[in-house]
$ cat run17.csv   # CSV, C-alpha atoms
chain,number,residue,atom,x,y,z
D,2,MET,CA,24.8,13.3,-17.1
D,3,ALA,CA,22.1,11.1,-15.7
D,4,PRO,CA,19.5,9.8,-18.3
D,5,PRO,CA,16.1,11.6,-18.1
D,6,ALA,CA,13.2,9.9,-16.2
D,7,THR,CA,10.7,8.1,-18.3
D,8,GLN,CA,7.1,7.1,-17.8
D,9,PHE,CA,5.0,4.5,-19.7
D,10,GLU,CA,1.6,3.0,-19.5
D,11,LEU,CA,1.2,-0.8,-19.2
D,12,ALA,CA,-0.8,-2.7,-21.8
D,13,GLN,CA,-3.8,-4.8,-20.8
D,14,PRO,CA,-4.8,-3.1,-17.5
D,15,PRO,CA,-7.6,-4.4,-15.2
D,16,ASN,CA,-11.2,-3.9,-16.2
D,17,ASP,CA,-12.2,-2.2,-13.0
D,18,ALA,CA,-10.8,-0.2,-10.1
D,19,ILE,CA,-7.3,-1.1,-8.8
D,20,SER,CA,-7.1,-1.9,-5.1
D,21,ALA,CA,-3.3,-2.5,-4.7
D,22,LEU,CA,0.1,-2.7,-6.5
D,23,ALA,CA,3.1,-4.7,-5.4
D,24,PHE,CA,6.6,-5.2,-6.9
D,25,ALA,CA,8.4,-8.5,-6.4
D,26,PRO,CA,11.1,-8.6,-3.7
D,27,ASP,CA,13.6,-10.1,-6.2
D,28,SER,CA,12.8,-8.4,-9.5
D,29,PRO,CA,12.3,-4.8,-10.5
D,30,SER,CA,9.9,-5.7,-13.3
D,31,ARG,CA,7.5,-8.3,-11.8
D,32,LEU,CA,4.4,-6.3,-10.7
D,33,LEU,CA,1.2,-7.7,-9.1
D,34,VAL,CA,-2.1,-5.7,-9.4
D,35,SER,CA,-5.3,-6.6,-7.5
D,36,SER,CA,-8.6,-5.3,-8.8
D,37,TRP,CA,-12.3,-5.0,-8.1
D,38,ASP,CA,-12.9,-7.1,-11.3
D,39,LYS,CA,-12.1,-10.2,-9.2
D,40,ASN,CA,-8.7,-10.8,-10.6
D,41,ILE,CA,-5.0,-10.4,-9.8
D,42,TYR,CA,-2.7,-9.5,-12.7
D,43,LEU,CA,1.0,-10.4,-13.0
D,44,TYR,CA,3.0,-8.2,-15.3
D,45,ASP,CA,6.5,-8.0,-16.6
D,46,THR,CA,6.8,-4.2,-16.8
D,47,LEU,CA,10.0,-4.2,-18.9
D,48,GLN,CA,9.2,-7.0,-21.4
D,49,ASN,CA,7.3,-5.4,-24.2
D,50,SER,CA,4.9,-7.7,-26.1
D,51,ASP,CA,5.2,-5.6,-29.2
D,52,GLU,CA,6.8,-2.4,-30.3
D,53,ASN,CA,3.7,-0.3,-29.8
D,54,SER,CA,2.9,-1.3,-26.2
D,55,HIS,CA,4.7,-1.4,-22.9
D,56,GLY,CA,4.9,-4.4,-20.5
D,57,THR,CA,3.5,-7.9,-20.8
D,58,LEU,CA,0.6,-9.4,-18.9
D,59,LEU,CA,2.1,-12.7,-17.8
D,60,GLN,CA,-0.9,-14.2,-16.1
D,61,THR,CA,-4.2,-13.5,-14.4
D,62,TYR,CA,-5.4,-15.3,-11.2
D,63,GLU,CA,-9.2,-15.3,-10.9
D,64,HIS,CA,-11.0,-15.0,-7.6
D,65,ARG,CA,-14.6,-15.4,-6.6
D,66,ALA,CA,-15.1,-11.8,-5.4
D,67,PRO,CA,-13.3,-8.4,-5.7
D,68,VAL,CA,-9.7,-8.6,-4.5
D,69,MET,CA,-9.0,-5.9,-1.9
D,70,ASP,CA,-5.2,-6.4,-1.5
D,71,VAL,CA,-2.2,-8.4,-2.7
D,72,CYS,CA,1.4,-8.8,-1.6
D,73,PHE,CA,4.3,-11.0,-2.6
D,74,GLY,CA,5.5,-13.7,-0.2
D,75,LYS,CA,9.0,-15.0,0.3
D,76,ASP,CA,10.0,-14.5,-3.3
D,77,GLY,CA,8.7,-13.6,-6.7
D,78,SER,CA,6.9,-16.9,-7.2
D,79,GLU,CA,4.5,-16.6,-4.2
D,80,ALA,CA,1.7,-14.1,-3.5
D,81,PHE,CA,-1.1,-13.6,-1.0
D,82,SER,CA,-4.5,-12.0,-1.5
D,83,ALA,CA,-7.3,-10.4,0.6
D,84,GLY,CA,-10.8,-11.0,-0.8
D,85,MET,CA,-14.3,-9.6,-0.4
D,86,ASP,CA,-15.2,-13.3,-0.1
D,87,TRP,CA,-13.7,-13.2,3.4
D,88,GLN,CA,-10.7,-15.4,2.3
D,89,VAL,CA,-7.0,-15.1,2.7
D,90,ARG,CA,-5.3,-17.0,-0.1
D,91,ARG,CA,-1.8,-18.2,-1.1
D,92,ILE,CA,-1.2,-18.1,-4.8
D,93,ASP,CA,1.6,-20.1,-6.5
D,94,LEU,CA,2.4,-17.6,-9.3
D,95,GLU,CA,4.2,-20.2,-11.4
D,96,SER,CA,1.5,-23.0,-11.4
D,97,GLY,CA,-1.5,-20.7,-10.7
D,98,ASP,CA,-2.6,-22.9,-7.8
D,99,GLN,CA,-4.5,-21.2,-5.0
D,100,MET,CA,-4.9,-22.3,-1.4
D,101,THR,CA,-7.1,-20.8,1.3
D,102,LEU,CA,-5.0,-20.0,4.4
D,103,SER,CA,-7.9,-18.8,6.6
D,104,LYS,CA,-11.4,-17.4,6.4
D,105,HIS,CA,-12.5,-14.3,8.3
D,106,ALA,CA,-16.1,-13.5,9.2
D,107,ALA,CA,-16.2,-10.4,6.9
D,108,PRO,CA,-14.2,-9.0,3.9
D,109,VAL,CA,-10.4,-9.0,4.2
D,110,ARG,CA,-9.1,-5.5,3.8
D,111,ARG,CA,-5.3,-5.9,3.9
D,112,VAL,CA,-2.5,-8.5,3.8
D,113,VAL,CA,1.1,-7.9,4.6
D,114,TYR,CA,4.0,-10.3,4.5
D,115,SER,CA,7.2,-10.0,6.7
D,116,ARG,CA,10.1,-11.7,5.0
D,117,GLU,CA,12.2,-11.2,8.2
D,118,HIS,CA,9.8,-13.3,10.2
D,119,SER,CA,8.1,-15.5,7.5
D,120,LEU,CA,4.7,-14.2,8.7
D,121,LEU,CA,1.6,-13.2,6.8
D,122,ILE,CA,-0.8,-10.9,8.5
D,123,SER,CA,-4.4,-10.3,7.3
D,124,ALA,CA,-6.7,-7.6,8.6
D,125,SER,CA,-10.4,-8.0,8.2
D,126,TRP,CA,-13.5,-5.9,8.6
D,127,ASP,CA,-14.6,-8.5,11.2
D,128,SER,CA,-12.2,-6.5,13.5
D,129,THR,CA,-9.6,-9.2,13.7
D,130,LEU,CA,-6.0,-9.9,12.5
D,131,HIS,CA,-5.1,-13.4,11.4
D,132,ILE,CA,-1.4,-14.3,11.8
D,133,HIS,CA,-0.2,-17.1,9.5
D,134,ASN,CA,3.1,-18.9,8.9
D,135,PRO,CA,2.8,-20.0,5.3
D,136,THR,CA,6.0,-22.1,5.6
D,137,ASN,CA,4.3,-24.2,8.3
D,138,PRO,CA,0.6,-24.7,7.3
D,139,SER,CA,0.2,-27.1,10.2
D,140,LEU,CA,0.1,-24.1,12.6
D,141,ALA,CA,-3.4,-22.8,13.0
D,142,PRO,CA,-3.7,-19.1,12.3
D,143,LEU,CA,-3.5,-16.9,15.4
D,144,THR,CA,-6.5,-14.6,15.8
D,145,ILE,CA,-6.1,-11.2,17.4
D,146,PRO,CA,-9.2,-9.2,18.2
D,147,LEU,CA,-9.1,-5.5,17.3
D,148,PRO,CA,-11.0,-2.6,19.0
D,149,GLY,CA,-12.1,-1.2,15.6
D,150,LYS,CA,-12.4,-2.0,11.9
D,151,PRO,CA,-9.0,-2.0,10.2
D,152,HIS,CA,-8.6,0.2,7.1
D,153,ALA,CA,-4.8,0.3,6.5
D,154,MET,CA,-1.8,-1.8,7.5
D,155,ALA,CA,1.9,-1.9,6.8
D,156,ALA,CA,5.0,-3.8,8.1
D,157,SER,CA,8.4,-2.5,8.9
D,158,PRO,CA,11.3,-4.9,9.5
D,159,SER,CA,10.2,-5.4,13.2
D,160,LYS,CA,6.7,-4.0,13.5
D,161,VAL,CA,3.3,-4.1,11.9
D,162,ILE,CA,1.1,-0.9,12.1
D,163,VAL,CA,-2.7,-1.3,12.0
D,164,ALA,CA,-4.9,1.8,11.5
D,165,MET,CA,-8.5,1.5,12.4
D,166,THR,CA,-11.7,3.5,12.7
D,167,SER,CA,-12.1,5.9,15.6
D,168,ARG,CA,-8.5,7.1,15.1
D,169,LEU,CA,-7.1,3.9,16.7
D,170,VAL,CA,-3.6,2.8,15.8
D,171,HIS,CA,-2.1,-0.5,17.1
D,172,ILE,CA,1.5,-1.3,16.6
D,173,TYR,CA,2.5,-5.0,17.1
D,174,ASP,CA,6.0,-6.5,17.5
D,175,LEU,CA,6.5,-9.1,14.8
D,176,SER,CA,8.8,-11.3,16.9
D,177,THR,CA,6.2,-11.4,19.6
D,178,LEU,CA,3.5,-12.4,17.0
D,179,SER,CA,5.9,-15.1,15.6
D,180,SER,CA,6.5,-16.5,19.1
D,181,ALA,CA,2.7,-16.6,19.9
D,182,LEU,CA,2.0,-18.3,16.7
D,183,SER,CA,4.7,-20.9,17.2
D,184,SER,CA,3.6,-21.7,20.7
D,185,GLN,CA,-0.1,-21.8,19.5
D,186,SER,CA,-0.8,-19.4,22.5
D,187,SER,CA,-4.5,-19.2,23.5
D,188,GLU,CA,-4.0,-15.7,24.8
D,189,PRO,CA,-3.7,-13.2,21.9
D,190,PRO,CA,-0.5,-11.0,22.2
D,191,GLN,CA,-1.1,-7.4,23.2
D,192,PRO,CA,0.0,-4.5,21.0
D,193,TRP,CA,3.5,-3.2,21.5
D,194,GLN,CA,2.0,0.3,21.4
D,195,GLN,CA,-1.5,1.8,21.2
D,196,ARG,CA,-1.8,5.2,19.8
D,197,GLU,CA,-4.4,7.7,18.7
D,198,SER,CA,-4.0,8.9,15.1
D,199,SER,CA,-2.6,12.4,14.6
D,200,LEU,CA,-5.2,12.7,11.8
D,201,LYS,CA,-8.8,13.7,12.8
D,202,PHE,CA,-10.4,11.9,9.8
D,203,LEU,CA,-10.5,8.3,8.6
D,204,THR,CA,-7.1,6.8,7.8
D,205,ARG,CA,-6.8,5.7,4.2
D,206,ALA,CA,-3.2,4.5,4.0
D,207,VAL,CA,-0.2,3.7,6.1
D,208,ALA,CA,3.4,3.1,5.0
D,209,ALA,CA,6.4,2.0,7.1
D,210,MET,CA,9.9,3.5,6.9
D,211,PRO,CA,12.4,0.9,5.6
D,212,SER,CA,14.8,2.1,8.3
D,213,ASP,CA,12.3,0.7,11.0
D,214,ALA,CA,12.2,4.1,12.6
D,215,GLY,CA,8.6,5.0,12.1
D,216,TYR,CA,5.7,5.3,9.6
D,217,ALA,CA,3.4,7.7,7.7
D,218,THR,CA,-0.4,7.7,7.6
D,219,SER,CA,-2.8,9.5,5.3
D,220,SER,CA,-6.5,10.4,5.7
D,221,ILE,CA,-9.5,11.1,3.5
D,222,GLU,CA,-9.2,14.8,4.4
D,223,GLY,CA,-6.0,15.6,2.4
D,224,ARG,CA,-3.5,15.2,5.2
D,225,VAL,CA,-0.4,13.1,5.9
D,226,ALA,CA,1.2,12.5,9.3
D,227,VAL,CA,4.7,11.2,10.0
D,228,GLU,CA,5.5,9.5,13.3
D,229,TRP,CA,8.3,7.6,15.0
D,230,PHE,CA,8.2,4.4,16.9
D,231,ASP,CA,10.4,5.5,19.7
D,232,ALA,CA,8.1,6.4,22.6
D,233,SER,CA,10.5,8.9,24.3
D,234,ALA,CA,9.2,12.5,24.6
D,235,GLU,CA,12.0,13.8,22.5
D,236,SER,CA,11.1,11.4,19.6
D,237,GLN,CA,7.4,12.0,19.9
D,238,ALA,CA,8.0,15.7,19.7
D,239,ARG,CA,9.3,15.1,16.2
D,240,LYS,CA,5.9,13.9,14.8
D,241,TYR,CA,4.1,16.2,12.5
D,242,ALA,CA,1.2,16.4,10.0
D,243,PHE,CA,0.7,18.5,6.9
D,244,LYS,CA,-2.0,19.3,4.3
D,245,CYS,CA,-1.7,18.0,0.8
D,246,HIS,CA,-3.6,16.9,-2.3
D,247,ARG,CA,-5.9,19.9,-2.2
D,248,THR,CA,-6.9,22.1,-5.1
D,249,PRO,CA,-7.6,25.8,-4.7
D,250,GLN,CA,-11.0,26.8,-6.2
D,251,GLN,CA,-12.1,30.4,-6.9
D,252,GLY,CA,-15.5,31.3,-5.5
D,253,ALA,CA,-18.0,33.5,-7.3
D,254,ASP,CA,-17.2,36.3,-4.8
D,255,GLY,CA,-13.5,36.0,-5.6
D,256,SER,CA,-12.6,34.2,-2.5
D,257,SER,CA,-10.4,31.0,-2.7
D,258,THR,CA,-11.3,27.8,-1.0
D,259,ASP,CA,-9.5,24.4,-1.0
D,260,VAL,CA,-11.2,21.4,-2.6
D,261,VAL,CA,-9.9,18.6,-0.3
D,262,TYR,CA,-9.2,15.1,-1.7
D,263,PRO,CA,-8.4,11.8,0.0
D,264,VAL,CA,-4.8,10.7,0.1
D,265,ASN,CA,-5.3,7.1,-1.1
D,266,ALA,CA,-1.8,5.8,-1.2
D,267,LEU,CA,1.6,6.1,0.4
D,268,ALA,CA,4.9,4.3,-0.3
D,269,PHE,CA,8.4,4.8,1.1
D,270,HIS,CA,11.4,4.6,-1.2
D,271,PRO,CA,13.3,1.4,-0.3
D,272,VAL,CA,16.8,2.9,-0.9
D,273,HIS,CA,16.4,6.6,0.1
D,274,GLY,CA,14.3,5.7,3.2
D,275,SER,CA,13.4,9.3,4.1
D,276,THR,CA,11.6,9.8,0.8
D,277,PHE,CA,8.0,8.7,0.3
D,278,ALA,CA,5.4,9.1,-2.4
D,279,SER,CA,1.7,10.0,-1.9
D,280,GLY,CA,-1.1,9.7,-4.3
D,281,GLY,CA,-4.5,11.3,-4.1
D,282,GLY,CA,-8.0,11.8,-5.4
D,283,ASP,CA,-6.7,15.0,-7.0
D,284,ALA,CA,-5.1,12.7,-9.6
D,285,THR,CA,-1.5,13.7,-8.6
D,286,VAL,CA,1.5,12.0,-7.1
D,287,ALA,CA,4.0,13.8,-4.9
D,288,LEU,CA,7.4,12.9,-3.5
D,289,TRP,CA,8.2,14.1,0.1
D,290,ASP,CA,11.3,14.1,2.3
D,291,ALA,CA,10.0,12.9,5.7
D,292,GLU,CA,13.1,14.1,7.7
D,293,ALA,CA,13.4,17.5,6.1
D,294,LYS,CA,9.6,18.0,6.2
D,295,ARG,CA,9.5,19.2,2.6
D,296,ARG,CA,7.9,18.4,-0.8
D,297,MET,CA,10.5,17.3,-3.3
D,298,LYS,CA,8.3,17.0,-6.5
D,299,VAL,CA,4.8,16.9,-7.8
D,300,TYR,CA,4.3,14.9,-11.0
D,301,GLN,CA,2.1,15.8,-13.9
D,302,LYS,CA,-1.6,15.3,-13.2
D,303,PHE,CA,-3.2,12.0,-14.3
D,304,ALA,CA,-6.6,11.6,-15.9
D,305,ASP,CA,-8.2,10.1,-12.8
D,306,SER,CA,-7.7,9.5,-9.1
D,307,VAL,CA,-4.5,7.8,-7.9
D,308,ALA,CA,-5.6,4.6,-6.1
D,309,ALA,CA,-2.3,2.8,-5.4
D,310,LEU,CA,1.5,3.2,-5.4
D,311,ALA,CA,4.5,0.9,-5.2
D,312,PHE,CA,8.3,1.3,-5.5
D,313,SER,CA,10.3,-1.5,-7.0
D,314,ALA,CA,12.7,-3.2,-4.5
D,315,ASP,CA,15.7,-1.4,-6.1
D,316,GLY,CA,13.9,1.9,-6.0
D,317,ARG,CA,14.3,2.6,-9.7
D,318,TYR,CA,10.6,2.3,-10.6
D,319,LEU,CA,7.4,3.8,-9.2
D,320,ALA,CA,4.1,2.1,-10.3
D,321,VAL,CA,1.0,4.2,-10.2
D,322,GLY,CA,-2.5,2.8,-10.3
D,323,VAL,CA,-5.0,5.3,-11.7
D,324,CYS,CA,-8.8,4.8,-11.9
D,325,PRO,CA,-12.0,6.9,-11.2
D,326,GLY,CA,-12.4,7.5,-7.5
D,327,PHE,CA,-15.7,8.0,-5.7
D,328,GLU,CA,-14.9,11.7,-5.0
D,329,THR,CA,-17.8,12.8,-7.3
D,330,GLY,CA,-20.2,10.4,-5.7
D,331,MET,CA,-21.0,8.5,-8.9
D,332,GLU,CA,-23.7,6.0,-8.4
D,333,ASP,CA,-23.2,4.3,-11.8
D,334,TYR,CA,-19.5,3.8,-11.1
D,335,SER,CA,-17.4,2.0,-13.7
D,336,GLY,CA,-13.7,1.8,-13.9
D,337,GLU,CA,-13.7,0.0,-17.2
D,338,GLY,CA,-11.7,1.7,-19.9
D,339,ARG,CA,-10.4,4.3,-17.4
D,340,THR,CA,-8.3,2.1,-15.2
D,341,LYS,CA,-4.6,2.5,-16.1
D,342,ILE,CA,-1.2,1.5,-14.6
D,343,PHE,CA,1.8,3.8,-15.2
D,344,VAL,CA,5.4,2.9,-14.4
D,345,ARG,CA,7.8,5.7,-13.9
D,346,GLU,CA,11.6,5.1,-14.2
D,347,LEU,CA,13.1,7.5,-11.8
D,348,GLY,CA,16.0,9.7,-12.7
D,349,GLU,CA,19.3,9.0,-10.8
D,350,ASN,CA,18.7,11.6,-8.0
D,351,GLU,CA,15.0,12.1,-8.4
D,352,ALA,CA,14.1,10.5,-5.0
D,353,LEU,CA,17.4,11.6,-3.3
D,354,PRO,CA,16.7,13.8,-0.3
D,355,LYS,CA,18.2,17.3,-0.6
D,356,GLY,CA,21.7,17.6,0.8
D,357,LYS,CA,22.4,13.9,0.2
D,358,GLY,CA,23.7,14.2,-3.3
D,359,LYS,CA,26.9,12.7,-4.5
$ encode --input "run17.csv" --output "C-alpha cells"
Amino acid sequence: MAPPATQFELAQPPNDAISALAFAPDSPSRLLVSSWDKNIYLYDTLQNSDENSHGTLLQTYEHRAPVMDVCFGKDGSEAFSAGMDWQVRRIDLESGDQMTLSKHAAPVRRVVYSREHSLLISASWDSTLHIHNPTNPSLAPLTIPLPGKPHAMAASPSKVIVAMTSRLVHIYDLSTLSSALSSQSSEPPQPWQQRESSLKFLTRAVAAMPSDAGYATSSIEGRVAVEWFDASAESQARKYAFKCHRTPQQGADGSSTDVVYPVNALAFHPVHGSTFASGGGDATVALWDAEAKRRMKVYQKFADSVAALAFSADGRYLAVGVCPGFETGMEDYSGEGRTKIFVRELGENEALPKGKGK
C-alpha cells in the first residue's frame, strides 16, 4: 500500500507576501522563494534544522526593492530575479554574487528560463520583453516591444506564453528568439501566434504543459482556461474555460450567490502532464485533469490566500505559498507573521489522472 501523503510547514518563512516559488531542476528539496520583503530565500525542504521544525533556510539574497519573481537557471546553483527596481539579476546561489543582466524602464514582473535554449526572458511593466543568453554575457539583450503590460508568463519546451492587459496573449517560438539574439538582429522577432484570452478579466497566472501541447491561464474572476498551441480548427475546438475558487454565500433572503476569488497561481505536474494545480484567494488549492476536464482533488483550506505554487522536478512535492491577499482591500496590509510556506508530499497516485492507474 502506498504511504499516505504528508504536509509540513517550512521554518523561517519570509516577512512579507510571497511573489513566487521555484524548485531546482536537479533537486526535489532546493526551493527558492521571492518576497515583497526585498529578499530571495533558498531552502532545503527536507533537511530539518532541529526536531521541532521542518526544512532549513540555507541562505537569503538581499535586493534593493521587492522581488516580483524568481526562477532557477541551468542548474540548482544559478537563479534569476525580477525586481521592482527595474532590474533583472543573475544570482550565484553558492557564492551569493549578484550581477545585473539588464535594466528595464519599469518594474520587472516575470522571469522565465528555458534550459532547452539557454535563454532567460524577462517581462516588464514597461511593455517589453528582454531576451538574454546568460551563458554569453557579451550578447546585448534583445528587446521585444509588447502591445500591453505583461502580467503572467510561462515557458514550454519550445514556446513562451506572455499574457497581457486587454486580454492580449502572445506566443513566441523560443528557437526564433534564440536565433534573433545570436544574430543581434535589429528587427525584433514577431510572435509565433497572437491570441485573445478566453477569459474576460485580467489574467493572473499562466502555466505551460510539460508535453509542449498547450497552456492554462487563470483570471482575477475565479476562472481557468485551457488551450492548445495547434492552430487547427479541430484543436482550437478543444479549448475550454471553467469557474473555480468561488465560495457560495447565503443571502439574507435565502438566495445563494458566489463570492468570486482571483486564481493567483497555476502549476502543471512535471510527470503527469495533464494534471495541474490551481491556488486562489479563497485559500484553497485544487488539482485538475486538463484532458478529462475534471477536478481531481481540493485540499484542506489554508489560513490565508494562496499566492504561489510549484511542483518539484520529480513531481513528488507541491510547494504552496500562503499570505494575506488584497481581496478584502486592506489598506494597512502586512504579511508579517501570516506568510507561510507549506510543502506537500504527494501520495503515489495523488496526481495521476483517472484511468491511468497502474
$ residues_around --input "run17.csv" --residues "segment 23-31 of chain D" --least-positions-apart "3" --cutoff "9 Å" --atoms "all atoms listed in the file" --output "JSON, numbers by chain"
{"D": [34, 35, 43, 44, 45, 46, 47, 48, 56, 71, 72, 73, 74, 75, 76, 77, 78, 310, 311, 312, 313, 314, 315, 316, 317, 318, 320]}
$ closest_residue --input "run17.csv" --among "D:Arg224, D:His133, D:Arg247, D:Lys341" --to "Ser36 of chain D" --atoms "only C-alpha atoms"
D:Lys341
$ residues_around --input "run17.csv" --residues "Arg345 of chain D" --least-positions-apart "2" --cutoff "10 Å" --atoms "all atoms listed in the file" --output "PDB file with C-alpha atoms, in the frame of the given file"
ATOM      1  CA  ALA D   6      13.200   9.900 -16.200  1.00  0.00           C
ATOM      2  CA  THR D   7      10.700   8.100 -18.300  1.00  0.00           C
ATOM      3  CA  GLN D   8       7.100   7.100 -17.800  1.00  0.00           C
ATOM      4  CA  PHE D   9       5.000   4.500 -19.700  1.00  0.00           C
ATOM      5  CA  GLU D  10       1.600   3.000 -19.500  1.00  0.00           C
ATOM      6  CA  PHE D 312       8.300   1.300  -5.500  1.00  0.00           C
ATOM      7  CA  ARG D 317      14.300   2.600  -9.700  1.00  0.00           C
ATOM      8  CA  TYR D 318      10.600   2.300 -10.600  1.00  0.00           C
ATOM      9  CA  LEU D 319       7.400   3.800  -9.200  1.00  0.00           C
ATOM     10  CA  ALA D 320       4.100   2.100 -10.300  1.00  0.00           C
ATOM     11  CA  VAL D 321       1.000   4.200 -10.200  1.00  0.00           C
ATOM     12  CA  ILE D 342      -1.200   1.500 -14.600  1.00  0.00           C
ATOM     13  CA  PHE D 343       1.800   3.800 -15.200  1.00  0.00           C
ATOM     14  CA  LEU D 347      13.100   7.500 -11.800  1.00  0.00           C
ATOM     15  CA  GLY D 348      16.000   9.700 -12.700  1.00  0.00           C
TER      16      GLY D 348
END
$ closest_residue --input "run17.csv" --among "D:Phe202, D:Trp37, D:Trp229, D:Phe303" --to "Val264 of chain D" --atoms "only C-alpha atoms"
D:Phe202
$ residues_around --input "run17.csv" --residues "segment 267-275 of chain D" --least-positions-apart "6" --cutoff "10 Å" --atoms "only C-alpha atoms" --output "count of residues only"
43
$ closest_residue --input "run17.csv" --among "D:Phe230, D:Ala107, D:Met85, D:Ser183" --to "Ile132 of chain D" --atoms "all atoms listed in the file"
D:Ser183
$ atom_distance --input "run17.csv" --atom1 "atom CA of Glu228 of chain D" --atom2 "atom CA of Thr177 of chain D"
21.8 Å
